[in-house]
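These notes are about the structure you will find just below.
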Amino acid sequence: MTQRGPAEFTPPPECPVFEPSWEEFADPFAFINKIRPIAEKTGICKVRPPPDWQPPFACDVDRLHFTPRIQRLNELEAQTRVKLNFLDQIAKFWELQGCKLKIPHVERKILDLYHLNKLVAEEGGFDLVCRERRWTKIAMTMGFAPGKAVGSHLRAHYERVLYPYNLFHSGTNLLVKVPIQVKQEPVEIKEINPEPEKSKSRYKKNIPPPPVSMVNFLPSFLFKCKSLLCGKGNDEDRLLLCDGCDDSYHTFCLIPPLNDVPRGDWRCPKCLAQECSKPQEAFGFEQACRDYSLKSFGEMADSFKSDYFNMPVHMVPTELVEKEFWRLVGTIEEDVTVEYGADIASKEFGSGFPIKGGKFKVAPHDEKYLGCGWNLNNMAMMTPSVLTHVTADICGMTLPWLYVGMCFSSFCWHIEDHWSYSINYLHWGEPKTWYGAPGFAAEQLEAVMKKLAPELFESQPDLLHQLVTIMNPNTLMAHGVPIYRTNQCAGEFVITFPRSYHSGFNQGFNFAEAVNFCTVDWMPLGRQCVDHYRQLHRYCVFSHDEMVCNMAMKADSLDVVLASAVQKDMQIMIKGERELRDKVRKMGVVQCELFEYNLLADDERQCVKCRTTCYLSALTCPCRPGVQVCLHHAHDLCSCPVSNYTLNYRFTLDDLYPMMNAVRQRAESYDEWASRVTEVMKANHKNVTSLKLIESDEKAFPENDLLRQLRLVTQDAEKCSSVAQQLLNGKRQTRYRTGGGNSINQLTVEEMRSFVRQLYNLPCSLTQAPLLKELLNSIEDFQQHSEKLLSDEVSADSVSEVESLLEEGSRFDVCLPELLLLRERLEQARWLAVVQQAEDLVLNPCGLSLDSMRRLIDRGVGLTPHPSTERTMARLQELLTVSEELEEKAQGLLKARPPESLETLRSMLTQVDGVPAYLPNCLLLQDTVNRAKEWLQEAEDLQVGGQTLVLSSLSDMVLRAHAIPVRLEPLDQLEVLVSEVQAWKESAAKTFFIKNSYFTLLEVLCPRWEVGSSLKKKMRKMKGECMSSGKKKLVKLDSMSDVERALSDSKDSASAVRLKELESLCALRAANESKLLPTADCAALKVCMCQKPPMGAMLQCELCRDAFHSVCVRGPSDPLDPEAWLCPLCLRSTKPPLAKIQTLLSSLQHIRVRLPEGDALRYMIERTVSWQRRAREVIDSYDHSLTSQECRGASPTQSHRTTGHKRKVRHYITDCYSEVEELMVEGLLLQVSVPETQQLYRLLLSGPPTTNTSHTEHPPYLTPKHSSPQREVRMGLCVFECVLTGFSLLQVYWVQCDCCNRWFHMICVGVSAELAAEEDYIESDKGGNRSPTLSSSIPSPGCVTDPPRSLTYDL
């Protein structure tokens, strides 16, 4: 902890702000008199004119040049200036001692030497503080933390810096003898020391620049120590020479002694006393060296503010500027200097307001401002202002002054001259911040400032009249001085009231104008101010007596209220003057002379003693021409005999009395009315009629204090009557508080008692007073009953009684504290009833829930403490604590990882028994225990039964076990089985799945149910999902698809399943082949995965017979390899070998868990083995039939003879060929790779044996176009430039050349089926450019296996 810095500034409360209507704004003095009772309590107030009142700015900006004052902010504040003055004195002291003062630092803060010196002095001085070890106490008082040895540092700094200074001030270091003037022969030392001012040495033996030998010739008496305790000349090497008087002193004879030789000039104690005793110059503002125009000053002001706050001037908050200003004026570490263009005479440069006859040309619509009362050029000299009777023009009082401010420029605490009113108008610019104290606190403010900065007032008793001293409002408020503030914005007035101290500062560049005025109520204060000035020896701005006499000489034209005030003032004036003249006469002054002091200037008729402006009389003496004293200081004129004095007088007493009588006669009617008002105010009349009759006479007199008082009393009586009637009617009343205005509130009982007393103390009687007294008695009875009920114990059964009492009290339109207590008691009783109902097991069998307990406790916390509620609260809190602990334990057991054992949960449940609360977690724990028991029983049944486990049951048990937060022993074994099954399924998936497969394992292993468009849609959907996710589709081994459920629910036999699969495939093949038939609109044909028309190279699936674009699917790696090509829809797996699949099934049998994939795999193996057997039989029979045919067909001529036998063989071979194709289709459906599939496909590629018969029977499954060209021809390639490149042998129609026996696509050579049936086809070009032609030798279409069928494609 370091020294406490200045606390952050806290803004004082705001002063009143008035916004007059146009009617009120029309007469400024009437409006000021109206607001005076409110505004004078704060000293200052702000007036916002109506929005449309905007006078033009009439000042001559080009001619306005001024020299501002320089203000150093930290010199303005009184306490800061005291510290700075003290530091200046310390610095000067050490500078004269040849040392440069360096202020020490303690804990990284500059040490407050003034505060330290003051605390040590208050504790009894340095010696006493050291003797009693009070340095730690001083350190703590200064704000340092204890225990850091700061006290020893403070002592060292004090002893080094302040102690010698205090010794000097106490006179201890002046213990020197008066030097004896001994006549000696003068010694010429010019050669020794040619420049004494610059080269004077500290030590005698080191006097430069003469040789050392010359020192011996100097007289020894010149270097004797002048110390009172020494006086010797020995130890010459320790003698110091004073740079002021050339006296010499031993360094060890000085008090305190010097350890080191000063580096700079050194003064002896005698010279030091002479230098420091010189009076300090009075503090004041310096004038700047530069002359500013309004424009140049504004540029400088805006630049300063924007640079200081590092932001545009209009964006700096006023609160920030205010806090920063008071921080700067209170610190000695930062020195900020600003300039203020203050007290600029408007007479020289023109007022900001337009004036009649001025140089500013006023627009016709602005002429109303010329004679406006709020124009400051008119206000001071208007009829209601008494300053109109001051003959001279007083700049700043009767003539406005101009003020040009910048950020932080300030006006210090002061009272207006002669304690007059002042009004300030801000023409434009940034706001001006004001602080004010009411007039009754003026002496209190002066006392506080003198107490906190007595050093300043000792040198300048009239310091507060110099406008050079400011003090933080927070400091004044801390000492009990009421302070108020306001921000005056452009276009607003600020009015200060008589003897109200005010100060402030400017927020930035602005232009203001101010003037003084005095009203009738100021007259007594004006005379008090003159007496106050006389005591302070301060000059007067004008003669108050002269002003009063001038008004008395115009008694006939005076306002009656003003005449009454003048008459009272003249009584005091004449009485005092008579006493003073009698005193002077008794002194022996006999000479009298009439003298017209009004003909002299004010500075020529001032009292030489008190500087009061003389008017009625003065004393003069021939020995001092042009000098006079007032009669109060008759003894201070000169030393001549009193008989030489002459009494100069302006009026004789006989002249003054008639003047006073004339004023009295003018004010007589007003005084008579005033006496009647005073009499009525003191009497107790029966009704308000007398008050209203007297008030009706107000039209004869202008506004005055007595009239306002009478009006206020009448209004009070009427308000009291209205309030009393409202109270009796049970309505809300209106309470009037002095100074607070009207506010709608309820009276307290004490206020009602006071109100009843007020009714009986009014100067009139009210009929409501007795009735109100009776109402007060009823209220007191209610209070007694309430007090008795509130003293009893709270119970749930007292709700009705409290409610009835509350209903009774609510009928009284009075603020009853018992009502609040009764409402609190009602809440307590209701809460106890709710608790009692919640704990009733009949109404709430489950008991209290935690939320219910919390709600009850939260509701109970808001209740007023009471023993009954506290006991119930404690019981509920205990139950809640126990319940929360049990719930927390139960939740912990349920969430424990690893889970707890079943025995642990059971032991926990034993603790819950007997707790009367609804505990969800504990109930969940009970349910968990029950589920764990059921699961363990099921697991035991599975193990005891010895049956094969089904994966679905096993998985369900594992999933349910995971949902039970209990450690279950059999779970590990079940999880091992599940993991083995998962591993097997993953192995099977790796065996069967192709890359980016769209099928699940069970879909691959099961028969093919989904065929046709539904399967294509599914695959497109799955492909889209995979592409959108950007990831490869994962194999979901745990999910059951529709296929799985269908397989598990199927009751059909294996052969039925196979036939159903083949039938569905047959339908698919027929549908796909029908699409390839010739059609008129080829663009409507949809093929392939993309479902677009055929174009370019096409591929045809051997299984589903659908056509696919070669760019959409992957074709065969080798087109010449006779291997069946399957589309992505038909190629579901990698078709592993049968041996590998059997190994998978064998590994599954070791797991001893039954799963759908295993059943499907077993079915697939059985089906594959059955198919292999049938395929081998067909292949063997097919080969045997071919062998027989070759043997019988060895002679070509013989074949024509045996036609009937050949037809029989052909039918047999055709039937065998259909069975081969059927077996091949079924083999392609199998997801197993067996060699028989390839053999069958090759048989199909070779085709059946050809004959001359044109009619061929087809198998029931296949259409005629599935036949292939003869084997000996290069199969699968069209010799012509084929447009259907990539189609296999079974994809399109072919035609064979009758010449070269080569095969061509009919679509490639342009041969239709009809033309091929009628004509022979001969290749026209045997070279590179082949052009197929038809001739009459073309064989019948029957010679080609497939009947010619034309297909037209829009390629």
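By order in the structure tokens, chains are A, B, ...; within a chain, residues start at 1; ligands start at 1, following the order shown.
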Could you list, as number ranges by chain, every residue within 10 Å of Pro1137 of chain A, counting only C-alpha atoms and ignoring same-chain residues fewer than 4 positions away?
A: 991, 1141-1142, 1231-1235
Segment 828-869 of chain A: which residues are alpha helix (DSSP H) by DSSP, as a ChimeraX atom specification?
/A:828-838,850-861,867-869
Find the residues near segment 640-655 of chain A: any atom within 12 Å, counting only C-alpha atoms, skip ones fewer than 6 places away on the same chain, and give them as a PyMOL selection string.
chain A and resi 545-546+549+552-553+570-571+573-599+605+614-625+627-631+634+661-662
Residues near Ser795 of chain A, anyone? I mean within 9 Å using only C-alpha atoms, not counting same-chain ones fewer than 4 positions away, as a list in words.
Val799, Gln828, Ala829, Arg830, Leu832, Ala833 and Ser868 of chain A
A:His250, A:Arg1105, A:Arg753, A:Arg664: which is nearest Glu1073 of chain A, counting only C-alpha atoms?
A:Arg1105
Which residue is closest to Met382 of chain A? Choose from A:Gln746, A:Gln1172, A:Thr519, A:Gln725 and count only C-alpha atoms.
A:Thr519
Could you pull the residues within 8 Å of His418 of chain A, counting only C-alpha atoms, minus those fewer than 6 positions along the same chain, as a list of chain:residue names?
A:Gly526, A:Cys529, A:Val530, A:Cys540, A:Val541
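One distance worth recording is that between atom CA of Lys41 of chain A and atom CA of Gly439 of chain A, which is 7.7 Å.
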Would you pick out the contacts of Asn510 of chain A at 9 Å or less, using only C-alpha atoms, so that residues sharing its chain but fewer than 5 positions from it are not included, and give the list as a VMD selection string?
chain A and resid 298 403 to 406 426 to 432 490
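Distances from A:Asp913, A:Glu1123, A:Glu980, A:Asp343 to Met1224 of chain A were compared using only C-alpha atoms, and the smallest one belongs to A:Glu1123.
Taking only C-alpha atoms, the non-local environment of Gly43 of chain A within 7 Å (same-chain residues fewer than 6 positions away omitted) comprises A:Gly436, A:Ala437, A:Pro438, A:Gly439, A:Thr496, A:Phe497, A:Ser500.
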